[in-house]
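Here's the structure, in structure tokens; my notes come after.
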Amino acid sequence: MQSLVRLWVLFAVLGCVGLIAAAEGVSDKDLSDVKKEIESLRARLAKKNSTPTTAGPIGRANDLVDNKYGPNSTVTTKDGKLTMGGLVQVWWYNIQNDSKDFRAVPPVLGGQTGEVSDNDGYRVRRAELKFTLDITPHITAVVMIDPTGQDEFNSFPGAPTNQGIVIKGQSESSFSGSMPFNNLVGPRNPIFGGSNSSSNSDPANPLGGGTTDVTRVRVQNGTVVANRLLQDAYINYHPHFMPEHDFTIGQFKPPMSEEGWRNTGQLDFAERAMINQFPNQRDLGLMVHGTWWEGRFQYWLGAFNGAGSFQNTFGGYQNRSDDNDPFDVAWRVQVRPVWHNETWGSLELGVSRQDGVHGEAKRGGNFLGGDPLDGLGFTETHAFRQWAWAWYRPGSIMRGFWLRGEIGQMKDRLQPIFQNDPNSFERHGWYAAVGYHLGQSIWADDLENGGWFWKMMKDVEFAFRYEQFQNMILEDLDNPSVETDRFKSEAMTVGFNYYWKGHNVRSQVNYIWVNELESDARIREVHNNTFIVTHQVQW
């Protein structure tokens, strides 16, 4: 129908052109050219109308989207407004070679080779795809997937390499008995069965394997890694009668820390600080958020499943069933006493905390025996974690600079699969960072008006971060089945960021110096300085 309308319009225009031509004395050649254009249009329309439409829903979809594709074209849905976003981040990394890890004991006594985690290579660090549907003016649904699983539980080395979410280790004395509890490789590994698996068909036996019931028990207990493809999956309700509040239910990050909670594509460095790799995980829960004075004061309050352990052992707590009845309570308060002020700049201060009771077993309940073995195997623990931070971007002649600092602390226990009956313990860490973005500095206009080299420098940012964290844990020498010792590492990162198109297209170069700070016969200095080059595209 539209094609016929266009043809009639063209005929009308041609008639007008003919009248004008007669009046103005237009040449026959000009009229002949117009006639040729009309014949060409007729031929294209006839060919299009004679082409059969593909049958079925695919054919109908092709008809609907025909001639609709192109830059900035609108994606429409039957109901609501759908927005699609994503992040692709690719790394190349080079790690200083070391034949041993941080444990100063031979591999046969619990030390491990460092050769597995110091190989250079490429890595798809993040591959996020996010769908946001505004189904009504007050209800939004969000789903975000990442096939990399955000990498916490896969085979790639951490940055730095002695910073996994948690590192298992043991003292030499822990091997005096017949059961090396912390030996996570080899035939005695209770996670994968072996000599300690009394039955592969008993659905109540979390050490067994091979049946659907046992698999269910393992997932509930955290003895297997949950599916981490699903990241965010939640519904947000922002009622019109409470414009300063919104409510969220589903799976999302608890409101912990600043850098840990920040959008991954907005990080200042290739990787979060060691202490902030912990809050970069999701949990299932319900949360209310309030904001006043254009975001100058905000608060969050939520209740979450809190499965597993804040030490992130035993499978983590993302996308898995709960292992206890109580909910964790998490809250966050954020204030901005100065914000977008031409002279004083922007300042943000915040604090967050999460408290919960993890596990349901009585003292002594564990996977290797005890009273009772109740299928949960995690001693009831009153756990907490908390962070406080400050972020400042000055104005006036100091604009272009930014400063960040954060301190974090957590208390929980390891699962009894790592130690026979571990006590709860506390770990803490902190970081401070500074950066300078030339494109936001007092030199920005001069750089923009300079030659090609100076224009290129406008998109450059320099950054530096110093951090410490008790990232190494070992069984205590005197009481290895109960007590856990903690040891600090420090890392210094020099960063170079180039913003090809803001954060949407950005390249980063980071070099990380890593040092072990503790003086202990069981700890050795690991040669694991790391060089990372990343490139990201987000939309």
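Identifiers in this document derive from the order of the structure tokens: chains are assigned A, B, ..., residues are numbered from 1 separately in each chain, and ligands are numbered from 1 in order of occurrence.
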Residues within 8 Å of segment 332-346 of chain A, only C-alpha atoms, excluding chain neighbours under 2 positions, as a list in words:
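Non-adjacent residues within range: Pro255, Met256, Gly295, Arg296, Phe297, Gln298, Tyr299, Trp300, Leu301, Ala330, Glu348, Leu349, Gly350, Val351, Ser352, Arg353, Tyr392, Arg393, Pro394, Gly395, Ser396 and Arg399 of chain A.
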Please produce an output containing N, CA and C atoms for each residue in the selection, written as a compact mmCIF listing (two decimals), in the first residue's frame.
```
# COMPACT_ATOMS: atom_id res chain seq x y z
N PRO A 255 24.37 -4.09 48.91
CA PRO A 255 24.96 -2.74 48.80
C PRO A 255 26.22 -2.57 49.64
N MET A 256 27.25 -3.37 49.33
CA MET A 256 28.49 -3.34 50.08
C MET A 256 29.58 -2.59 49.31
N GLY A 295 20.04 13.16 45.10
CA GLY A 295 21.03 12.13 45.33
C GLY A 295 22.11 12.48 46.33
N ARG A 296 21.98 13.62 46.97
CA ARG A 296 23.02 14.04 47.93
C ARG A 296 23.00 13.16 49.18
N PHE A 297 21.85 12.61 49.52
CA PHE A 297 21.76 11.66 50.64
C PHE A 297 20.98 10.44 50.16
N GLN A 298 21.55 9.25 50.37
CA GLN A 298 20.90 8.01 49.95
C GLN A 298 21.12 6.93 51.01
N TYR A 299 20.16 6.02 51.06
CA TYR A 299 20.33 4.86 51.94
C TYR A 299 19.75 3.63 51.26
N TRP A 300 20.26 2.46 51.65
CA TRP A 300 19.79 1.17 51.16
C TRP A 300 19.63 0.25 52.38
N LEU A 301 18.59 -0.57 52.38
CA LEU A 301 18.36 -1.53 53.45
C LEU A 301 17.77 -2.78 52.82
N ALA A 330 21.54 -6.19 55.40
CA ALA A 330 22.58 -5.33 54.83
C ALA A 330 22.05 -3.91 54.71
N GLU A 348 32.14 12.40 48.20
CA GLU A 348 31.20 11.36 48.62
C GLU A 348 31.79 10.59 49.79
N LEU A 349 30.99 10.36 50.82
CA LEU A 349 31.36 9.58 51.98
C LEU A 349 30.32 8.48 52.16
N GLY A 350 30.76 7.29 52.57
CA GLY A 350 29.80 6.21 52.71
C GLY A 350 30.26 5.13 53.65
N VAL A 351 29.30 4.36 54.15
CA VAL A 351 29.59 3.23 55.02
C VAL A 351 28.53 2.17 54.74
N SER A 352 28.92 0.90 54.83
CA SER A 352 27.98 -0.20 54.59
C SER A 352 28.35 -1.36 55.50
N ARG A 353 27.34 -2.19 55.82
CA ARG A 353 27.58 -3.32 56.72
C ARG A 353 26.52 -4.40 56.44
N TYR A 392 36.79 11.83 46.32
CA TYR A 392 36.82 13.28 46.16
C TYR A 392 37.40 13.64 44.80
N ARG A 393 36.69 14.54 44.11
CA ARG A 393 37.16 15.11 42.85
C ARG A 393 37.17 16.63 43.02
N PRO A 394 38.32 17.26 43.23
CA PRO A 394 38.36 18.70 43.50
C PRO A 394 37.99 19.53 42.28
N GLY A 395 37.70 20.82 42.53
CA GLY A 395 37.39 21.75 41.45
C GLY A 395 38.48 22.78 41.29
N SER A 396 38.12 23.90 40.67
CA SER A 396 39.03 25.02 40.48
C SER A 396 40.30 24.57 39.75
N ARG A 399 41.05 20.70 39.31
CA ARG A 399 40.16 19.79 38.60
C ARG A 399 40.98 18.89 37.66
```
Any chance you could list, as number ranges by chain, the residues in segment 309-497 of chain A that come up alpha helix (DSSP H) when DSSP is run on the backbone?
A: 444-448, 452-457
Using only C-alpha atoms, which residue out of A:Asp118, A:Glu258, A:Glu294, A:Glu271 lies closest to Thr534 of chain A?
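Among the listed residues, the smallest separation from Thr534 of chain A belongs to A:Glu271.
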Would you please give, as a ChimeraX atom specification, all residues of segment 265-454 of chain A that DSSP assigns to strand (DSSP E or B) based on the backbone?
/A:283-292,297-304,328-341,345-358,361,366,369,379,381-393,399,401-412,425-437
Just the selected residues (C-alpha atoms), exported as a PDB file, in the first residue's frame, please.
```pdb
ATOM      1  CA  ASP A 283      22.866 -12.677  46.353  1.00  0.00           C
ATOM      2  CA  LEU A 284      19.116 -13.282  46.408  1.00  0.00           C
ATOM      3  CA  GLY A 285      17.120 -10.798  48.426  1.00  0.00           C
ATOM      4  CA  LEU A 286      14.849  -7.796  48.829  1.00  0.00           C
ATOM      5  CA  MET A 287      16.057  -4.192  49.174  1.00  0.00           C
ATOM      6  CA  VAL A 288      14.593  -0.703  49.625  1.00  0.00           C
ATOM      7  CA  HIS A 289      16.449   2.410  48.452  1.00  0.00           C
ATOM      8  CA  GLY A 290      15.749   6.020  49.358  1.00  0.00           C
ATOM      9  CA  THR A 291      17.257   9.200  47.916  1.00  0.00           C
ATOM     10  CA  TRP A 292      16.803  12.900  48.673  1.00  0.00           C
ATOM     11  CA  PHE A 297      21.760  11.661  50.639  1.00  0.00           C
ATOM     12  CA  GLN A 298      20.905   8.009  49.950  1.00  0.00           C
ATOM     13  CA  TYR A 299      20.330   4.859  51.937  1.00  0.00           C
ATOM     14  CA  TRP A 300      19.792   1.168  51.163  1.00  0.00           C
ATOM     15  CA  LEU A 301      18.356  -1.525  53.447  1.00  0.00           C
ATOM     16  CA  GLY A 302      17.964  -5.157  52.430  1.00  0.00           C
ATOM     17  CA  ALA A 303      17.498  -8.769  53.542  1.00  0.00           C
ATOM     18  CA  PHE A 304      19.435 -11.507  51.710  1.00  0.00           C
ATOM     19  CA  ASP A 328      21.385 -11.460  56.345  1.00  0.00           C
ATOM     20  CA  VAL A 329      20.574  -7.776  56.943  1.00  0.00           C
ATOM     21  CA  ALA A 330      22.578  -5.332  54.832  1.00  0.00           C
ATOM     22  CA  TRP A 331      22.533  -1.546  54.851  1.00  0.00           C
ATOM     23  CA  ARG A 332      24.380   1.329  53.246  1.00  0.00           C
ATOM     24  CA  VAL A 333      24.407   5.101  53.825  1.00  0.00           C
ATOM     25  CA  GLN A 334      25.948   7.559  51.380  1.00  0.00           C
ATOM     26  CA  VAL A 335      26.242  11.356  51.660  1.00  0.00           C
ATOM     27  CA  ARG A 336      27.603  13.988  49.276  1.00  0.00           C
ATOM     28  CA  PRO A 337      28.190  17.188  51.256  1.00  0.00           C
ATOM     29  CA  VAL A 338      29.734  18.853  48.193  1.00  0.00           C
ATOM     30  CA  TRP A 339      28.634  17.885  44.701  1.00  0.00           C
ATOM     31  CA  HIS A 340      29.468  19.368  41.281  1.00  0.00           C
ATOM     32  CA  ASN A 341      30.638  22.613  42.848  1.00  0.00           C
ATOM     33  CA  GLY A 345      34.315  19.882  43.395  1.00  0.00           C
ATOM     34  CA  SER A 346      32.525  16.685  44.517  1.00  0.00           C
ATOM     35  CA  LEU A 347      32.875  14.667  47.717  1.00  0.00           C
ATOM     36  CA  GLU A 348      31.202  11.365  48.623  1.00  0.00           C
ATOM     37  CA  LEU A 349      31.363   9.576  51.978  1.00  0.00           C
ATOM     38  CA  GLY A 350      29.800   6.210  52.706  1.00  0.00           C
ATOM     39  CA  VAL A 351      29.587   3.231  55.023  1.00  0.00           C
ATOM     40  CA  SER A 352      27.981  -0.197  54.589  1.00  0.00           C
ATOM     41  CA  ARG A 353      27.575  -3.324  56.715  1.00  0.00           C
ATOM     42  CA  GLN A 354      26.025  -6.777  56.506  1.00  0.00           C
ATOM     43  CA  ASP A 355      25.244  -9.078  59.466  1.00  0.00           C
ATOM     44  CA  GLY A 356      23.911 -12.611  59.436  1.00  0.00           C
ATOM     45  CA  VAL A 357      23.848 -16.079  60.944  1.00  0.00           C
ATOM     46  CA  HIS A 358      25.450 -18.566  58.568  1.00  0.00           C
ATOM     47  CA  ALA A 361      25.016 -27.179  62.420  1.00  0.00           C
ATOM     48  CA  ASN A 366      31.264 -31.290  59.575  1.00  0.00           C
ATOM     49  CA  GLY A 369      32.299 -36.785  60.966  1.00  0.00           C
ATOM     50  CA  THR A 379      28.702 -24.570  62.170  1.00  0.00           C
ATOM     51  CA  THR A 381      28.243 -18.552  62.829  1.00  0.00           C
ATOM     52  CA  HIS A 382      27.412 -14.930  63.630  1.00  0.00           C
ATOM     53  CA  ALA A 383      29.180 -13.253  60.719  1.00  0.00           C
ATOM     54  CA  PHE A 384      29.562  -9.705  59.485  1.00  0.00           C
ATOM     55  CA  ARG A 385      31.338  -7.619  56.871  1.00  0.00           C
ATOM     56  CA  GLN A 386      31.650  -3.843  56.577  1.00  0.00           C
ATOM     57  CA  TRP A 387      33.230  -1.139  54.432  1.00  0.00           C
ATOM     58  CA  ALA A 388      33.762   2.625  54.668  1.00  0.00           C
ATOM     59  CA  TRP A 389      34.970   4.877  51.869  1.00  0.00           C
ATOM     60  CA  ALA A 390      35.667   8.420  50.706  1.00  0.00           C
ATOM     61  CA  TRP A 391      35.822   9.743  47.159  1.00  0.00           C
ATOM     62  CA  TYR A 392      36.815  13.278  46.156  1.00  0.00           C
ATOM     63  CA  ARG A 393      37.164  15.109  42.853  1.00  0.00           C
ATOM     64  CA  ARG A 399      40.164  19.792  38.596  1.00  0.00           C
ATOM     65  CA  PHE A 401      42.486  15.052  39.970  1.00  0.00           C
ATOM     66  CA  TRP A 402      40.524  12.390  41.854  1.00  0.00           C
ATOM     67  CA  LEU A 403      41.212  10.545  45.098  1.00  0.00           C
ATOM     68  CA  ARG A 404      39.601   7.379  46.488  1.00  0.00           C
ATOM     69  CA  GLY A 405      40.114   5.402  49.664  1.00  0.00           C
ATOM     70  CA  GLU A 406      38.354   2.446  51.242  1.00  0.00           C
ATOM     71  CA  ILE A 407      38.713   0.093  54.202  1.00  0.00           C
ATOM     72  CA  GLY A 408      36.975  -3.255  54.594  1.00  0.00           C
ATOM     73  CA  GLN A 409      36.619  -5.954  57.240  1.00  0.00           C
ATOM     74  CA  MET A 410      34.877  -9.323  57.403  1.00  0.00           C
ATOM     75  CA  LYS A 411      34.384 -12.050  59.967  1.00  0.00           C
ATOM     76  CA  ASP A 412      33.216 -15.581  59.231  1.00  0.00           C
ATOM     77  CA  PHE A 425      38.190 -15.389  62.143  1.00  0.00           C
ATOM     78  CA  GLU A 426      38.439 -11.814  60.890  1.00  0.00           C
ATOM     79  CA  ARG A 427      40.281 -10.358  57.898  1.00  0.00           C
ATOM     80  CA  HIS A 428      40.693  -6.761  56.819  1.00  0.00           C
ATOM     81  CA  GLY A 429      42.294  -4.622  54.119  1.00  0.00           C
ATOM     82  CA  TRP A 430      42.340  -1.163  52.597  1.00  0.00           C
ATOM     83  CA  TYR A 431      43.379   0.818  49.553  1.00  0.00           C
ATOM     84  CA  ALA A 432      44.080   4.410  48.530  1.00  0.00           C
ATOM     85  CA  ALA A 433      44.194   5.640  44.938  1.00  0.00           C
ATOM     86  CA  VAL A 434      44.845   8.874  43.067  1.00  0.00           C
ATOM     87  CA  GLY A 435      44.423   9.800  39.422  1.00  0.00           C
ATOM     88  CA  TYR A 436      44.696  12.711  37.000  1.00  0.00           C
ATOM     89  CA  HIS A 437      42.565  13.003  33.849  1.00  0.00           C
TER      90      HIS A 437
END
```
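With only C-alpha atoms as the atoms that count, the residue of A:Lys455, A:Lys35, A:Lys253, A:His503 with the shortest distance to Arg282 of chain A is A:Lys253.
Checking A:Ser309, A:Gln266, A:Gln281, A:Thr161 one by one against Trp513 of chain A, counting only C-alpha atoms, you find the shortest gap at A:Thr161.
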